[in-house]
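What follows is a short report on a single structure.
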2 protein chains.
Amino acid sequence: MTTPPSTTDADQVGGAATAQNGRPDVKHMKWWGWGVEGVAFHFDDKPKFAPFVKKAVGLDLSGDKPPEHPDFSKLSVAAPKISDDLLTELKGAVGTENVVTDDESRVVHTYGKSLRDLLRIRAGDLPRVPDVVVYPGDEDEVQTLVELAVAADAVLIPYGGGSNISGSLQPPPEESRTVISLDLGRLSKVLDIDEEAGLARIQAGAQGPDLEEQLNQRGWTVGHYPDSFNHSTIGGWVATRSSGMQSDKYGDISDITRGVRVATPSGPLVLRPLPSTSTGPSVREMILGSEGRLGVITEVTANVHRLPDERVIMAYFFPTFDAGLDAMHDISLLDSRPSITRVSDAGETGFTLATAKKTSLGQTVLFKVLERRGWDLEKMCLSFVGYEGTKAHVSRQQGEVKEIVKKHGGIGVGKGPGVLYDQKKFDTPYIRDFLLDWGGAADVSETAAPWSRLKDVYYNTLEAARQAYRQLGIDPGWIMCHLSHSYHSGACLYFTFAFVYGDRDPLPMYQVVKNAIQQSFIDNGATLSHHHAVGTEHSPWLSQDISPAGAKIMQGLFTAVDPGRNFNPGKITE
Amino acid sequence: MTTPPSTTDADQVGGAATAQNGRPDVKHMKWWGWGVEGVAFHFDDKPKFAPFVKKAVGLDLSGDKPPEHPDFSKLSVAAPKISDDLLTELKGAVGTENVVTDDESRVVHTYGKSLRDLLRIRAGDLPRVPDVVVYPGDEDEVQTLVELAVAADAVLIPYGGGSNISGSLQPPPEESRTVISLDLGRLSKVLDIDEEAGLARIQAGAQGPDLEEQLNQRGWTVGHYPDSFNHSTIGGWVATRSSGMQSDKYGDISDITRGVRVATPSGPLVLRPLPSTSTGPSVREMILGSEGRLGVITEVTANVHRLPDERVIMAYFFPTFDAGLDAMHDISLLDSRPSITRVSDAGETGFTLATAKKTSLGQTVLFKVLERRGWDLEKMCLSFVGYEGTKAHVSRQQGEVKEIVKKHGGIGVGKGPGVLYDQKKFDTPYIRDFLLDWGGAADVSETAAPWSRLKDVYYNTLEAARQAYRQLGIDPGWIMCHLSHSYHSGACLYFTFAFVYGDRDPLPMYQVVKNAIQQSFIDNGATLSHHHAVGTEHSPWLSQDISPAGAKIMQGLFTAVDPGRNFNPGKITE
């Protein structure tokens, strides 16, 4: 692999738009992997990483560097299948320069960034790529495109940042109609801030860093930070029911979203920003999570907040994961709640420590002290709790949490690790590409469940994954977990799993492990996903999650709104 | 009118079930009005009430007492229209004793308690009453009834406490098919409390006092207190998107509801309790507000909370309504929020003071002090703020609010009025029946809007109502308002209007005033209702609120789930 000119520790926020040859000035991630060209994970300065990986998945990183990433010129990309008439109409709608049919643009818009997507793109597996990519410049143009798609019986797939990992972006392999990828990248502005109400009108294609920059300049924030933040859009957050790492305070995107504008087959849907409303079944909550099946989200009116006076992330260690979970539960019952509640299990704690550049003297001393106290360092769990608000509020909350941590046998270790976490929090996806270079597969599955089911979900899912690994003859296989969000009645558990496939076909292996984990969620009272959406990847569990009657209601909604199956068909449910 | 044996100040919570002749032991309100038989509003001990009413609506209460309430025996009730086969099947489904067709039962189940409902029932205007009332005893029986209704092409209308004021309960006047009222009164149990997760499984027919009593006994509360609390059910709260007077802390019913079970034409819909989930368009949020159009809610799994250590309601006066609104807005921006934020405008403050039994010496002195400070007592506004949590939390919040009140020129007047408010908060609907006896009509319209629109909504709605009164030649007509709930981005405004119709037909007069108010909401960026649902009463404004495309999506959902229009047809939208 090429040593990158910059590391993942570098600041990527607000990365400049990449002007492409004759194509609209819209940023895209690498066609073959996560993030921006020239940025990749490396372990040159992380001495514990290679030994950790050897132990966790049996991969030896001391050998020869793996081959370079795939060469675009070696891909076989089908020619666009689109009538001259439709092409002319599309150009008439958005301007000739905003309709592109070159191979690279179409390949970029074929997949998201799931493990399945990355494996297929590396293998040149492209059974169906979009026939054309269009970049509308305003809401009216989007509405026109929606109507053109219906009139031409074409398939229209909205595309935001392309970070989806649930298979929500891919054209159905068997689709014979023209497939249009509608890229919202030119709709990237914060249109207006209503400073009295704390509401901002934001175009759907605005990516995280861009919209926060526009808001921060005027002293405001949405406060929504999913792991994909650097490359995902607010329209995508709404379309997939995103949640961010500060959602304990700011709410999930479903709470943040107050108004929304959508280009639908029935005309423009306009839901005005309202703090609450009693107007029948919530159409707003039908658009949330709709993954393009009800039309194209063009604008979101979001709750925004004044930048807080104080923002602190404190780190804690707990002797066991159970103790950490119990502490997060107690924190969730406080009269006012922190912005971040997160605790990693022992495996993920080991992973985090292994990606550190060096072990500080203070850390070495701390671990010795904990061992003398009787801690088993193999079971130790790292936790982060974030505080935001006035100085008095932050200080008081820290005091309340300190008591709870102590009650559960934990110990506070200050702000240092929190600062590091805050800087590196968006970097993990780069490691997946690194592992793929070496023949290792990694992906994530996340869920939510009531507090009373959480430990069952955790232990039974670990066991389900391990059983899958045994079945596949994988030894060792890896699974780790953290609690990422707390609610009154439960929490989100976020699992990461990894294994080495060597010269076997990784996709069927992945499917066995993924299936085991997802089925364990359902069997233990948890949901198929807390914030990654359904797409095609989680669709098989939908009926088990919301019951067959629920799936039938949802299917009825899609059919009523889109009888021609023109809008991202096959996603969520048939 | 008969002087009642008890007054509305009496404790009605947990009123005993009224055993009826050969009918199931399910509590119902008066067939002709609000609340329980033998309880009514009177002003014998409220010396300021009659002068206030004289000034507000020109009604002289010193005259002869108005006639008694309508005599049931004088009503003309159409005979039940139901086939012997269907009647036999219904009896087979729920037991003979739980299927009733007597006139009084059917009349009780014809209407809710809107002004329109009360006027019609007093006038004996019963164009269509349900043909049969059934009382299922468990979820399976409800599912059977749903399937019987589809098979027989009958109309099925779910009935909880009968407190709805949006016309959600009435059979369509022109309906020629058999109309079944499905009364959930026998499903009134708290089935289970998951003490670890803070979740309770509650049967849909449980009325407010009953479910709180069952929870309180074990130290828990839902914390949901709509004005209708004493007579409404949790199933009804979900079906109409209810909000309660402590929702600032506990959330609206849409936040409280985590899991739900619904008998649908596609079979039992089971949404398991989840703190959050990313499973496409939210089916949970389709059931919320569905008013029986998607099936019958049988069970709700609700967030429940430990009873708080401390609960205090403090009263404040502000020199103007604007100052009060600004203070509530500032309170909504605090790092942690009170349980109640409420401020009445000057008119409603006058009304509240006029319903007091006596003016204390302290109050007289206070008002004199305020006048010396330059306050215009005619513009003075009463506010209540509620605090719940640990003693330290309550005390700290009170301190923060005190500062805000001071900043906006207000003054704290202690706990006394708050205790009174807490005791009397559910009594207002009785006053409506009292006024009707005297030829006065009163009703409510409530809405929500962003903070930036709130004052426009308030002043323009007052003006719209006054213009309607002028158009009708009503002088004086009354309208008053309070802010009842605060959110990050806005608040709920709750208007009450009243006028004397004398010997004119009140319904068309009511419609002119109601129309003016509702249209003002829409025109000023507010919603058609914050928590009273759509029904038939607000249906004309649905397309303006959620846009024609939104109404079309909703209609598509209803048609997909209920193609035969068997489930409460005509409510929310056609």
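To be explicit about the labels: the chains of the structure tokens are called A, B, and onward in the order shown, and within each one the residues are counted from 1, while ligands get numbers from 1 in the order they are shown.
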
Checklist line | Those of range 325-553 of chain A in DSSP alpha helix (DSSP H), formatted as a PyMOL selection string | finding: chain A and resi 325-332+346-354+361-372+391-407+416-424+428-437+451-472+506-523+542-553

Item checked: Exercise: range 391-408 of chain A partners within 12 Å, only C-alpha atoms, chain neighbours under 3 positions left out, as an NGL selection string -> (:A and (308-341 or 343 or 382-388 or 411-415)) or (:B and (334-336 or 392-393 or 396-397 or 400))

Margin query: I need the residue nearest Ser266 in chain A from this list: A:Pro563, A:Gly63, A:Pro450, A:Gly374. Use only C-alpha atoms for the distance.
Written below: A:Pro563

Note to self: Using only C-alpha atoms, I'd like every residue of chain B that has an atom within 7 Å of chain A; please write them out as number ranges by chain.
What the structure shows: B: 196-199, 240-241, 266-271, 274-283, 285-290, 303, 335-336, 389, 448-452, 487, 489-491, 527, 529-534, 546-547, 549-550, 553, 556-557, 560-561, 572

Notebook entry, point to check: Any idea what the distance is between CA of Gln511 in chain B and CA of Thr349 in chain B?
Noted result: 26.0 Å

Margin query: Residues within 9 Å of Gly137 in chain A, please, as number ranges by chain. Count only C-alpha atoms; anything in the same chain fewer than 2 positions from it doesn't count.
Written below: A: 94, 98, 135, 139-142, 184-187

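The smallest atom-to-atom distance between Asn566 in chain A and any of A:Ile522, A:Met480, A:Val190, A:Val150, using only C-alpha atoms, is found for A:Val150.
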
Running DSSP on the backbone, which parts of range 82-289 of chain A land in strand (DSSP E or B), as a PDB file with C-alpha atoms, in the first residue's frame?
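Listed below is the output, result_24.pdb:
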ATOM      1  CA  VAL A  99     -26.041  15.598 -16.688  1.00  0.00           C
ATOM      2  CA  VAL A 100     -23.117  13.195 -16.836  1.00  0.00           C
ATOM      3  CA  VAL A 132     -26.950   8.749 -15.898  1.00  0.00           C
ATOM      4  CA  VAL A 133     -26.093  11.062 -13.011  1.00  0.00           C
ATOM      5  CA  VAL A 134     -27.942  14.366 -12.716  1.00  0.00           C
ATOM      6  CA  VAL A 155     -35.902   4.509 -11.849  1.00  0.00           C
ATOM      7  CA  LEU A 156     -34.696   7.430  -9.754  1.00  0.00           C
ATOM      8  CA  ILE A 157     -32.261   6.954  -6.868  1.00  0.00           C
ATOM      9  CA  PRO A 158     -31.416   9.974  -4.693  1.00  0.00           C
ATOM     10  CA  TYR A 159     -27.720  10.239  -3.776  1.00  0.00           C
ATOM     11  CA  VAL A 179     -31.631   4.224 -13.787  1.00  0.00           C
ATOM     12  CA  ILE A 180     -31.069   7.862 -12.869  1.00  0.00           C
ATOM     13  CA  SER A 181     -28.851   8.746  -9.928  1.00  0.00           C
ATOM     14  CA  LEU A 182     -29.976  12.117  -8.595  1.00  0.00           C
ATOM     15  CA  ASP A 183     -26.974  13.684  -6.847  1.00  0.00           C
ATOM     16  CA  VAL A 190     -27.845  26.848   4.766  1.00  0.00           C
ATOM     17  CA  LEU A 191     -30.626  29.021   3.361  1.00  0.00           C
ATOM     18  CA  ASP A 192     -31.763  30.765   6.496  1.00  0.00           C
ATOM     19  CA  ILE A 193     -31.423  30.775  10.256  1.00  0.00           C
ATOM     20  CA  ASP A 194     -34.501  31.750  12.278  1.00  0.00           C
ATOM     21  CA  LEU A 199     -34.495  26.725  13.288  1.00  0.00           C
ATOM     22  CA  ALA A 200     -32.339  26.569  10.166  1.00  0.00           C
ATOM     23  CA  ARG A 201     -33.433  25.851   6.617  1.00  0.00           C
ATOM     24  CA  ILE A 202     -30.764  23.638   5.102  1.00  0.00           C
ATOM     25  CA  GLN A 203     -30.608  22.199   1.596  1.00  0.00           C
ATOM     26  CA  GLN A 207     -22.634  17.617   3.975  1.00  0.00           C
ATOM     27  CA  TRP A 220     -25.133  28.038  15.761  1.00  0.00           C
ATOM     28  CA  THR A 221     -24.915  24.239  15.505  1.00  0.00           C
ATOM     29  CA  THR A 233     -25.641  14.935   4.046  1.00  0.00           C
ATOM     30  CA  THR A 257     -36.077  17.582  11.847  1.00  0.00           C
ATOM     31  CA  ARG A 258     -39.015  19.978  12.234  1.00  0.00           C
ATOM     32  CA  GLY A 259     -39.890  20.830   8.645  1.00  0.00           C
ATOM     33  CA  VAL A 260     -39.091  19.101   5.406  1.00  0.00           C
ATOM     34  CA  ARG A 261     -39.618  19.672   1.697  1.00  0.00           C
ATOM     35  CA  VAL A 262     -39.801  16.680  -0.631  1.00  0.00           C
ATOM     36  CA  ALA A 263     -40.280  16.382  -4.382  1.00  0.00           C
ATOM     37  CA  THR A 264     -42.899  13.625  -4.676  1.00  0.00           C
ATOM     38  CA  GLY A 267     -46.127  17.296  -6.314  1.00  0.00           C
ATOM     39  CA  PRO A 268     -44.023  19.176  -3.781  1.00  0.00           C
ATOM     40  CA  LEU A 269     -44.612  17.978  -0.222  1.00  0.00           C
ATOM     41  CA  VAL A 270     -44.214  20.887   2.168  1.00  0.00           C
ATOM     42  CA  LEU A 271     -44.181  20.203   5.887  1.00  0.00           C
TER      43      LEU A 271
END

Item checked: Who sits within 12 Å of Asn230 in chain A, only C-alpha atoms, same chain under 2 positions skipped, as a PyMOL selection string -> chain A and resi 11-16+27-29+34-36+161-163+206-213+224-228+232-234+424-427+429

Check: Any idea what's packed within 10 Å of Ala465 in chain A, counting only C-alpha atoms, ignoring anything in its chain fewer than 4 positions away? Could you give it as a VMD selection string?
Finding: chain A and resid 460 to 461 469 to 471 477 to 479 497 512 to 518 520
